[in-house]
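S.K.: mmCIF, C-alpha atoms, file entry13.cif:
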```cif
data_data
#
loop_
_atom_site.group_PDB
_atom_site.id
_atom_site.type_symbol
_atom_site.label_atom_id
_atom_site.label_comp_id
_atom_site.auth_asym_id
_atom_site.auth_seq_id
_atom_site.Cartn_x
_atom_site.Cartn_y
_atom_site.Cartn_z
ATOM 1 C CA MET A 5 10.523 -19.174 7.905
ATOM 2 C CA LYS A 6 12.186 -15.850 8.547
ATOM 3 C CA THR A 7 15.409 -15.676 6.551
ATOM 4 C CA ILE A 8 17.132 -12.571 7.917
ATOM 5 C CA ASP A 9 17.309 -10.670 11.202
ATOM 6 C CA ALA A 10 15.578 -7.326 11.610
ATOM 7 C CA GLU A 11 17.608 -4.137 11.746
ATOM 8 C CA ARG A 12 16.697 -0.878 13.457
ATOM 9 C CA LEU A 13 16.190 2.530 11.880
ATOM 10 C CA THR A 14 15.985 5.590 14.136
ATOM 11 C CA PRO A 15 14.983 9.185 13.323
ATOM 12 C CA ASP A 16 18.684 10.064 13.445
ATOM 13 C CA ASP A 17 19.506 7.735 10.556
ATOM 14 C CA PRO A 18 19.734 9.313 7.068
ATOM 15 C CA GLU A 19 17.515 6.555 5.643
ATOM 16 C CA TYR A 20 14.652 7.445 7.980
ATOM 17 C CA PRO A 21 11.764 8.416 5.645
ATOM 18 C CA MET A 22 11.090 12.127 5.392
ATOM 19 C CA SER A 23 7.418 11.361 4.756
ATOM 20 C CA LEU A 24 7.089 10.026 8.302
ATOM 21 C CA ARG A 25 8.840 13.060 9.737
ATOM 22 C CA ALA A 26 6.468 15.377 7.853
ATOM 23 C CA THR A 27 3.332 13.393 8.664
ATOM 24 C CA PHE A 28 3.811 12.507 12.299
ATOM 25 C CA GLY A 29 5.816 15.479 13.579
ATOM 26 C CA ASP A 30 6.041 15.296 17.370
ATOM 27 C CA LEU A 31 4.337 11.881 17.231
ATOM 28 C CA LEU A 32 7.188 10.506 15.126
ATOM 29 C CA PRO A 33 7.651 6.763 15.752
ATOM 30 C CA PRO A 34 10.882 6.503 17.762
ATOM 31 C CA GLU A 35 12.250 3.672 15.655
ATOM 32 C CA ILE A 36 11.453 1.342 12.791
ATOM 33 C CA TRP A 37 12.442 -2.301 12.579
ATOM 34 C CA TYR A 38 12.970 -3.653 9.097
ATOM 35 C CA LEU A 39 13.855 -6.672 6.999
ATOM 36 C CA GLY A 40 15.032 -6.444 3.400
ATOM 37 C CA ASN A 41 16.008 -3.583 1.138
ATOM 38 C CA ILE A 42 15.871 -0.306 3.079
ATOM 39 C CA ASN A 43 16.594 1.645 -0.127
ATOM 40 C CA LEU A 44 12.977 1.087 -1.180
ATOM 41 C CA LEU A 45 11.983 3.856 1.228
ATOM 42 C CA SER A 46 13.489 6.361 -1.196
ATOM 43 C CA THR A 47 11.404 5.173 -4.176
ATOM 44 C CA ILE A 48 8.039 6.489 -5.419
ATOM 45 C CA GLY A 49 5.283 4.379 -3.892
ATOM 46 C CA ALA A 50 1.530 3.833 -4.081
ATOM 47 C CA GLY A 51 -0.426 2.432 -1.159
ATOM 48 C CA PHE A 52 -3.108 -0.252 -1.445
ATOM 49 C CA CYS A 53 -5.838 -0.738 1.165
ATOM 50 C CA GLY A 54 -8.794 -3.080 0.852
ATOM 51 C CA SER A 55 -10.916 -5.784 2.365
ATOM 52 C CA ARG A 56 -9.497 -9.087 3.570
ATOM 53 C CA LYS A 57 -12.631 -10.631 2.063
ATOM 54 C CA ALA A 58 -12.665 -8.758 -1.242
ATOM 55 C CA THR A 59 -14.409 -10.370 -4.184
ATOM 56 C CA GLU A 60 -12.286 -12.281 -6.665
ATOM 57 C CA TYR A 61 -12.951 -9.610 -9.268
ATOM 58 C CA SER A 62 -11.722 -6.897 -6.914
ATOM 59 C CA LEU A 63 -8.557 -8.907 -6.285
ATOM 60 C CA GLN A 64 -8.021 -8.974 -10.054
ATOM 61 C CA ILE A 65 -8.448 -5.189 -10.148
ATOM 62 C CA ALA A 66 -5.923 -4.775 -7.326
ATOM 63 C CA ALA A 67 -3.440 -7.007 -9.153
ATOM 64 C CA ASP A 68 -4.020 -5.107 -12.403
ATOM 65 C CA CYS A 69 -3.380 -1.755 -10.703
ATOM 66 C CA ALA A 70 -0.248 -3.094 -9.030
ATOM 67 C CA SER A 71 1.019 -4.494 -12.343
ATOM 68 C CA GLN A 72 0.481 -1.195 -14.166
ATOM 69 C CA LEU A 73 2.226 0.760 -11.423
ATOM 70 C CA THR A 74 5.091 -1.726 -11.339
ATOM 71 C CA ALA A 75 5.594 -1.264 -15.069
ATOM 72 C CA ALA A 76 5.990 2.468 -14.403
ATOM 73 C CA GLY A 77 8.604 1.858 -11.699
ATOM 74 C CA VAL A 78 6.300 2.549 -8.743
ATOM 75 C CA THR A 79 6.748 0.586 -5.507
ATOM 76 C CA VAL A 80 3.631 -1.095 -4.117
ATOM 77 C CA ILE A 81 2.991 -0.431 -0.400
ATOM 78 C CA SER A 82 0.433 -2.347 1.640
ATOM 79 C CA GLY A 83 -0.209 -4.479 4.707
ATOM 80 C CA TYR A 84 0.214 -8.229 4.908
ATOM 81 C CA ALA A 85 -3.362 -9.451 5.272
ATOM 82 C CA ALA A 86 -5.246 -11.795 2.979
ATOM 83 C CA GLY A 87 -7.207 -10.209 0.167
ATOM 84 C CA VAL A 88 -6.193 -6.908 -1.407
ATOM 85 C CA ASP A 89 -2.869 -6.638 0.450
ATOM 86 C CA MET A 90 -1.525 -9.950 -0.792
ATOM 87 C CA ALA A 91 -2.967 -9.588 -4.302
ATOM 88 C CA SER A 92 -1.094 -6.283 -4.672
ATOM 89 C CA HIS A 93 2.234 -7.562 -3.339
ATOM 90 C CA GLU A 94 2.115 -10.765 -5.359
ATOM 91 C CA ALA A 95 1.341 -8.941 -8.608
ATOM 92 C CA ALA A 96 4.178 -6.467 -8.049
ATOM 93 C CA LEU A 97 6.776 -9.142 -7.370
ATOM 94 C CA ALA A 98 5.539 -11.457 -10.118
ATOM 95 C CA ASN A 99 6.048 -8.623 -12.616
ATOM 96 C CA GLY A 100 9.568 -7.805 -11.478
ATOM 97 C CA GLY A 101 8.580 -4.891 -9.271
ATOM 98 C CA ARG A 102 9.216 -3.724 -5.716
ATOM 99 C CA THR A 103 7.004 -3.902 -2.672
ATOM 100 C CA ILE A 104 6.941 -2.611 0.902
ATOM 101 C CA ILE A 105 5.059 -4.641 3.513
ATOM 102 C CA VAL A 106 3.953 -2.720 6.609
ATOM 103 C CA LEU A 107 3.214 -4.979 9.575
ATOM 104 C CA PRO A 108 0.595 -4.546 12.344
ATOM 105 C CA GLU A 109 2.878 -6.548 14.648
ATOM 106 C CA GLY A 110 6.577 -6.949 15.407
ATOM 107 C CA THR A 111 9.094 -8.111 12.807
ATOM 108 C CA ASN A 112 9.967 -11.199 14.887
ATOM 109 C CA ARG A 113 6.508 -12.523 14.012
ATOM 110 C CA PHE A 114 6.981 -12.116 10.283
ATOM 111 C CA ARG A 115 7.046 -15.189 8.039
ATOM 112 C CA ILE A 116 6.981 -15.414 4.245
ATOM 113 C CA LYS A 117 3.537 -16.682 3.292
ATOM 114 C CA GLN A 118 3.265 -19.679 1.032
ATOM 115 C CA SER A 119 1.292 -17.836 -1.644
ATOM 116 C CA ILE A 120 4.010 -15.233 -2.199
ATOM 117 C CA ALA A 121 7.066 -17.437 -1.661
ATOM 118 C CA PRO A 122 7.525 -18.376 -5.368
ATOM 119 C CA VAL A 123 8.056 -14.709 -6.362
ATOM 120 C CA TRP A 124 9.841 -13.521 -3.218
ATOM 121 C CA ASP A 125 13.095 -11.598 -3.706
ATOM 122 C CA TRP A 126 14.646 -9.810 -0.713
ATOM 123 C CA ARG A 127 16.357 -7.368 -3.087
ATOM 124 C CA ARG A 128 12.916 -6.083 -4.102
ATOM 125 C CA VAL A 129 11.127 -6.354 -0.746
ATOM 126 C CA LEU A 130 11.112 -4.272 2.414
ATOM 127 C CA VAL A 131 9.217 -5.413 5.518
ATOM 128 C CA ILE A 132 8.826 -2.737 8.203
ATOM 129 C CA SER A 133 7.138 -2.221 11.552
ATOM 130 C CA HIS A 134 7.154 0.594 14.084
ATOM 131 C CA PHE A 135 6.057 -1.800 16.829
ATOM 132 C CA PRO A 136 8.434 -3.631 19.203
ATOM 133 C CA ARG A 137 9.947 -6.692 17.560
ATOM 134 C CA ASP A 138 7.903 -9.172 19.614
ATOM 135 C CA ALA A 139 4.626 -7.220 19.545
ATOM 136 C CA ARG A 140 1.554 -9.316 18.769
ATOM 137 C CA PHE A 141 -1.229 -8.402 16.363
ATOM 138 C CA GLN A 142 -4.031 -6.266 17.772
ATOM 139 C CA PRO A 143 -6.875 -4.570 15.835
ATOM 140 C CA GLY A 144 -5.744 -1.157 17.081
ATOM 141 C CA ARG A 145 -2.256 -1.805 15.761
ATOM 142 C CA ALA A 146 -3.708 -2.607 12.348
ATOM 143 C CA MET A 147 -5.398 0.800 12.326
ATOM 144 C CA ASP A 148 -2.154 2.462 13.409
ATOM 145 C CA ARG A 149 -0.250 0.539 10.728
ATOM 146 C CA ASN A 150 -2.517 2.057 8.075
ATOM 147 C CA LYS A 151 -1.136 5.507 8.916
ATOM 148 C CA ILE A 152 2.368 4.284 8.042
ATOM 149 C CA ILE A 153 1.153 2.899 4.699
ATOM 150 C CA VAL A 154 -0.481 6.216 3.861
ATOM 151 C CA ALA A 155 2.467 8.303 5.036
ATOM 152 C CA LEU A 156 4.919 6.386 2.852
ATOM 153 C CA SER A 157 2.687 6.591 -0.242
ATOM 154 C CA GLY A 158 2.538 9.249 -2.917
ATOM 155 C CA ALA A 159 -1.027 8.148 -3.646
ATOM 156 C CA VAL A 160 -3.421 5.645 -2.072
ATOM 157 C CA ILE A 161 -5.782 3.217 -3.821
ATOM 158 C CA VAL A 162 -8.773 1.824 -1.904
ATOM 159 C CA LEU A 163 -10.881 -1.192 -2.861
ATOM 160 C CA GLU A 164 -14.097 -2.368 -1.201
ATOM 161 C CA ALA A 165 -14.331 -0.071 1.796
ATOM 162 C CA ARG A 166 -17.078 -1.336 4.079
ATOM 163 C CA GLU A 167 -19.301 0.794 6.324
ATOM 164 C CA VAL A 168 -16.759 0.461 9.125
ATOM 165 C CA GLY A 169 -13.294 -1.003 9.450
ATOM 166 C CA GLY A 170 -9.668 -0.647 8.517
ATOM 167 C CA THR A 171 -10.105 0.158 4.833
ATOM 168 C CA LEU A 172 -12.453 3.054 5.525
ATOM 169 C CA ASN A 173 -10.100 4.212 8.281
ATOM 170 C CA ALA A 174 -7.149 4.152 5.877
ATOM 171 C CA GLY A 175 -9.087 6.189 3.328
ATOM 172 C CA TYR A 176 -9.921 8.875 5.866
ATOM 173 C CA ALA A 177 -6.295 8.862 7.043
ATOM 174 C CA ALA A 178 -5.184 9.565 3.464
ATOM 175 C CA LEU A 179 -7.574 12.490 3.219
ATOM 176 C CA ARG A 180 -6.426 13.914 6.566
ATOM 177 C CA MET A 181 -2.791 13.641 5.464
ATOM 178 C CA LYS A 182 -3.696 15.281 2.131
ATOM 179 C CA LYS A 183 -2.569 12.270 0.142
ATOM 180 C CA PRO A 184 -4.293 11.768 -3.239
ATOM 181 C CA LEU A 185 -6.926 9.084 -2.611
ATOM 182 C CA PHE A 186 -8.327 6.955 -5.436
ATOM 183 C CA VAL A 187 -11.368 4.786 -4.754
ATOM 184 C CA VAL A 188 -12.154 1.937 -7.137
ATOM 185 C CA MET A 189 -15.684 2.474 -8.428
ATOM 186 C CA TYR A 190 -16.650 -0.272 -10.860
ATOM 187 C CA ASP A 191 -20.418 -0.431 -11.182
ATOM 188 C CA ASP A 192 -20.360 -4.228 -11.428
ATOM 189 C CA VAL A 193 -18.090 -4.715 -8.413
ATOM 190 C CA ASN A 194 -18.535 -2.296 -5.544
ATOM 191 C CA GLY A 195 -20.065 0.909 -6.808
ATOM 192 C CA LEU A 196 -22.673 0.710 -4.071
ATOM 193 C CA ARG A 197 -20.269 0.031 -1.190
ATOM 194 C CA GLU A 198 -21.212 2.623 1.402
ATOM 195 C CA GLY A 199 -17.606 3.093 2.491
ATOM 196 C CA ASN A 200 -16.536 3.828 -1.074
ATOM 197 C CA GLN A 201 -19.282 6.381 -1.484
ATOM 198 C CA ARG A 202 -18.345 8.050 1.788
ATOM 199 C CA LEU A 203 -14.718 8.390 0.741
ATOM 200 C CA ILE A 204 -15.700 9.859 -2.627
ATOM 201 C CA SER A 205 -17.996 12.347 -0.899
ATOM 202 C CA ALA A 206 -15.186 13.301 1.479
ATOM 203 C CA GLY A 207 -12.773 14.129 -1.348
ATOM 204 C CA GLY A 208 -11.515 10.883 -2.851
ATOM 205 C CA PHE A 209 -11.239 10.479 -6.625
ATOM 206 C CA PRO A 210 -13.189 7.686 -8.333
ATOM 207 C CA LEU A 211 -10.955 5.155 -10.085
ATOM 208 C CA LYS A 212 -12.856 3.647 -12.982
ATOM 209 C CA ARG A 213 -12.342 1.249 -15.855
ATOM 210 C CA ASN A 214 -10.759 2.299 -19.134
ATOM 211 C CA ARG A 215 -13.562 1.436 -21.552
ATOM 212 C CA LEU A 216 -11.105 0.821 -24.408
ATOM 213 C CA THR A 217 -8.706 -1.523 -22.611
ATOM 214 C CA ASN A 218 -11.022 -2.826 -19.865
ATOM 215 C CA HIS A 219 -8.193 -2.200 -17.386
ATOM 216 C CA PRO A 220 -8.238 0.226 -14.446
ATOM 217 C CA GLN A 221 -7.750 3.805 -15.654
ATOM 218 C CA LEU A 222 -4.656 4.957 -13.747
ATOM 219 C CA ARG A 223 -3.842 8.104 -15.723
ATOM 220 C CA ASP A 224 -4.631 10.385 -12.789
ATOM 221 C CA VAL A 225 -2.611 8.178 -10.436
ATOM 222 C CA PHE A 226 0.390 8.438 -12.766
ATOM 223 C CA ASP A 227 -0.171 12.200 -12.886
ATOM 224 C CA VAL A 228 0.050 12.742 -9.136
ATOM 225 C CA LEU A 229 3.042 10.402 -8.822
ATOM 226 C CA GLY A 230 4.866 12.082 -11.708
ATOM 227 C CA VAL A 231 5.858 8.842 -13.439
ATOM 228 C CA VAL A 232 5.865 7.405 -16.959
ATOM 229 C CA ASP A 233 3.034 4.994 -17.721
ATOM 230 C CA ASP A 234 3.388 1.711 -19.589
ATOM 231 C CA ALA A 235 2.728 3.487 -22.893
ATOM 232 C CA GLY A 236 5.807 5.652 -22.356
ATOM 233 C CA ARG A 237 3.935 8.841 -21.505
ATOM 234 C CA LYS A 238 5.428 11.082 -18.818
ATOM 235 C CA HIS A 239 3.007 12.323 -16.204
ATOM 236 C CA ALA A 240 3.921 15.196 -13.917
#
```
So that I can check it, write out the structure of this file as structure tokens.
M.R.:
Amino acid sequence: MKTIDAERLTPDDPEYPMSLRATFGDLLPPEIWYLGNINLLSTIGAGFCGSRKATEYSLQIAADCASQLTAAGVTVISGYAAGVDMASHEAALANGGRTIIVLPEGTNRFRIKQSIAPVWDWRRVLVISHFPRDARFQPGRAMDRNKIIVALSGAVIVLEAREVGGTLNAGYAALRMKKPLFVVMYDDVNGLREGNQRLISAGGFPLKRNRLTNHPQLRDVFDVLGVVDDAGRKHA
């Protein structure tokens, strides 16, 4: 069940994210409805986009990336669909981190999902939507929502982009907005995904496995975000 009422943020409010002002310009969403900790908008964040039907191994990779970023103080930003979105949010919260959930519908339709309820903490969560509070889910709104995820993120990580669909759309949105785009390219998971290959060819950076640790190699992600990794190294 929803535990708090949504509040409104307008472009005139000081908390309104500068990244949305810079990205959308004259198309600036007139208002944002939110639940939770609005201060998370001022933190460094990384966006996650991926298939609702990602393989179990890819979900582990998403959770591993989210855990590493959380350890470096980075906020995880994603949608609220099954698959990569939920794996990223759950890993962030389970490891004491912060997460921003961007909805493809109105905040009045938001409910805390059972899978994430055990680690939920409103002090470390922000749920936002630029749709009217009672707006219902529509595929076009999911595509539009992806632009908000990208705009709020200092870097974007993509897993399992198919030939068409929201994940591929989000990747192209990141490239258009000149956001650093990292595409997971594990040979034994999705190295042959056509969407992944397209995004790499268009300017995305391949995100591969660290052969020594067997974990995702996030050094370049830390670099573009300008944060300290879990080994205590400062990247800038």
S.K.: Would you write out, as an MDAnalysis selection string, every residue that the PyMOL selection byres ((chain A and resi 60-64) around 6) captures in this file?
M.R.: chainID A and resid 59 65:67 88 91
S.K.: Find the residues of region 95-188 of chain A that sit at most 7 Å from region 48-57 of chain A; for each, write down the nearest two atoms and how far apart they are in Å, to one decimal. Count all atoms listed in the file. Sort by chain, then by number going up, and give it as CSV.
M.R.:
```
residue,atom,partner,partner_atom,distance
A:Ile153,CA,A:Gly51,CA,6.1
A:Val154,CA,A:Gly51,CA,6.3
A:Ser157,CA,A:Ala50,CA,4.9
A:Gly158,CA,A:Ala50,CA,5.6
A:Ala159,CA,A:Ala50,CA,5.0
A:Val160,CA,A:Gly51,CA,4.5
A:Ile161,CA,A:Phe52,CA,5.0
A:Val162,CA,A:Cys53,CA,5.0
A:Leu163,CA,A:Gly54,CA,4.7
A:Glu164,CA,A:Gly54,CA,5.7
A:Ala165,CA,A:Gly54,CA,6.4
A:Thr171,CA,A:Gly54,CA,5.3
A:Ala174,CA,A:Cys53,CA,6.9
```
S.K.: Evaluate the PyMOL selection byres ((chain A and resi 77) around 10) here and jot the selected residues down as a list in words.
M.R.: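 What the PyMOL selection byres ((chain A and resi 77) around 10) grabs from the file is Thr47, Ile48, Gly49, Ser71, Gln72, Leu73, Thr74, Ala75, Ala76, Val78, Thr79, Val80, Gly100, Gly101, Arg102, Val231, Val232, Asp233 and Asp234 of chain A.
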S.K.: I'd like the contact shell of Gly83 (chain A) - 9 Å cut-off, only C-alpha atoms, skipping same-chain residues fewer than 3 positions apart - returned as an MDAnalysis selection string.
M.R.: chainID A and resid 52:53 88:90 93 104:108 146 149:150 153
S.K.: Report, in Å with one decimal, the straight-line distance from CA of Ala85 (chain A) to CA of Ser23 (chain A).
M.R.: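 So the two atoms, CA of Ala85 (chain A) and CA of Ser23 (chain A), lie 23.4 Å apart.
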S.K.: Let me make sure I understand: among A:Thr27, A:Asn112, A:Thr217, A:Ser119, which one has the smallest atom-to-atom distance to Ala178 (chain A) if we use only C-alpha atoms?
M.R.: A:Thr27
S.K.: Report the residues retrieved by the PyMOL selection byres ((chain A and resi 41) around 6) from the displayed file, expressed as a ChimeraX atom specification.
M.R.: /A:40,42-43,127,129-130
S.K.: Let me make sure I understand: among A:Arg166, A:Arg137, A:Lys183, A:Arg215, which one has the smallest atom-to-atom distance to Arg202 (chain A) if we use all atoms listed in the file?
M.R.: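 Nearest candidate to Arg202 (chain A) out of A:Arg166, A:Arg137, A:Lys183, A:Arg215: A:Arg166.
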S.K.: Mind pulling up the distance from CA of Gln221 (chain A) to CA of Met189 (chain A)?
M.R.: 10.8 Å
S.K.: Which residues are close to Thr111 (chain A), i.e. within 12 Å by all atoms listed in the file, leaving aside same-chain residues fewer than 4 positions away? Reply as an MDAnalysis selection string.
M.R.: chainID A and resid 6:12 36:40 84 105:107 115:116 130:141
S.K.: Between CA of Lys117 (chain A) and CA of Ala95 (chain A), what distance in Å does the model show, to one decimal?
M.R.: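 Separation of CA of Lys117 (chain A) and CA of Ala95 (chain A): 14.4 Å.
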S.K.: Around all listed atoms of region 182-185 of chain A, padded 3 Å per side, what centre and edge lengths does the axis-aligned box have in Å to one decimal, as lines of an AutoDock Vina configuration file?
M.R.:
```
center_x = -4.7
center_y = 12.2
center_z = -0.6
size_x = 10.4
size_y = 12.2
size_z = 11.4
```
S.K.: Pull out region 160-178 of chain A, keep N, CA and C atoms, and write it as a short mmCIF file (atom, residue, chain, number, x, y, z; two decimals), in the first residue's frame.
M.R.:
```
data_model
loop_
_atom_site.label_atom_id
_atom_site.label_comp_id
_atom_site.auth_asym_id
_atom_site.auth_seq_id
_atom_site.Cartn_x
_atom_site.Cartn_y
_atom_site.Cartn_z
N VAL A 160 24.71 6.15 -17.84
CA VAL A 160 23.62 5.19 -18.02
C VAL A 160 24.21 3.83 -18.36
N ILE A 161 23.68 2.79 -17.70
CA ILE A 161 24.10 1.41 -17.95
C ILE A 161 22.93 0.66 -18.58
N VAL A 162 23.19 -0.02 -19.70
CA VAL A 162 22.17 -0.76 -20.43
C VAL A 162 22.51 -2.25 -20.42
N LEU A 163 21.50 -3.07 -20.17
CA LEU A 163 21.64 -4.52 -20.22
C LEU A 163 20.57 -5.09 -21.15
N GLU A 164 20.97 -6.00 -21.99
CA GLU A 164 20.07 -6.76 -22.87
C GLU A 164 19.13 -5.88 -23.68
N ALA A 165 19.67 -5.03 -24.49
CA ALA A 165 18.86 -4.25 -25.42
C ALA A 165 18.45 -5.14 -26.59
N ARG A 166 17.16 -5.25 -26.82
CA ARG A 166 16.66 -6.05 -27.94
C ARG A 166 16.69 -5.23 -29.22
N GLU A 167 16.23 -5.84 -30.31
CA GLU A 167 16.26 -5.16 -31.62
C GLU A 167 15.36 -3.93 -31.62
N VAL A 168 14.29 -3.97 -30.87
CA VAL A 168 13.40 -2.83 -30.72
C VAL A 168 12.96 -2.78 -29.26
N GLY A 169 12.41 -1.64 -28.85
CA GLY A 169 11.85 -1.58 -27.51
C GLY A 169 12.44 -0.49 -26.65
N GLY A 170 11.98 -0.47 -25.40
CA GLY A 170 12.31 0.60 -24.48
C GLY A 170 13.78 0.70 -24.13
N THR A 171 14.46 -0.44 -23.98
CA THR A 171 15.87 -0.40 -23.60
C THR A 171 16.71 0.23 -24.69
N LEU A 172 16.46 -0.18 -25.93
CA LEU A 172 17.18 0.41 -27.06
C LEU A 172 16.87 1.90 -27.15
N ASN A 173 15.61 2.24 -26.96
CA ASN A 173 15.19 3.65 -26.99
C ASN A 173 15.91 4.46 -25.92
N ALA A 174 16.04 3.90 -24.73
CA ALA A 174 16.74 4.60 -23.64
C ALA A 174 18.21 4.81 -23.98
N GLY A 175 18.83 3.80 -24.59
CA GLY A 175 20.23 3.93 -24.98
C GLY A 175 20.44 5.04 -25.99
N TYR A 176 19.58 5.11 -26.99
CA TYR A 176 19.69 6.18 -27.99
C TYR A 176 19.40 7.54 -27.36
N ALA A 177 18.47 7.58 -26.39
CA ALA A 177 18.19 8.84 -25.70
C ALA A 177 19.43 9.33 -24.96
N ALA A 178 20.16 8.40 -24.33
CA ALA A 178 21.39 8.77 -23.62
C ALA A 178 22.41 9.36 -24.59
#
```
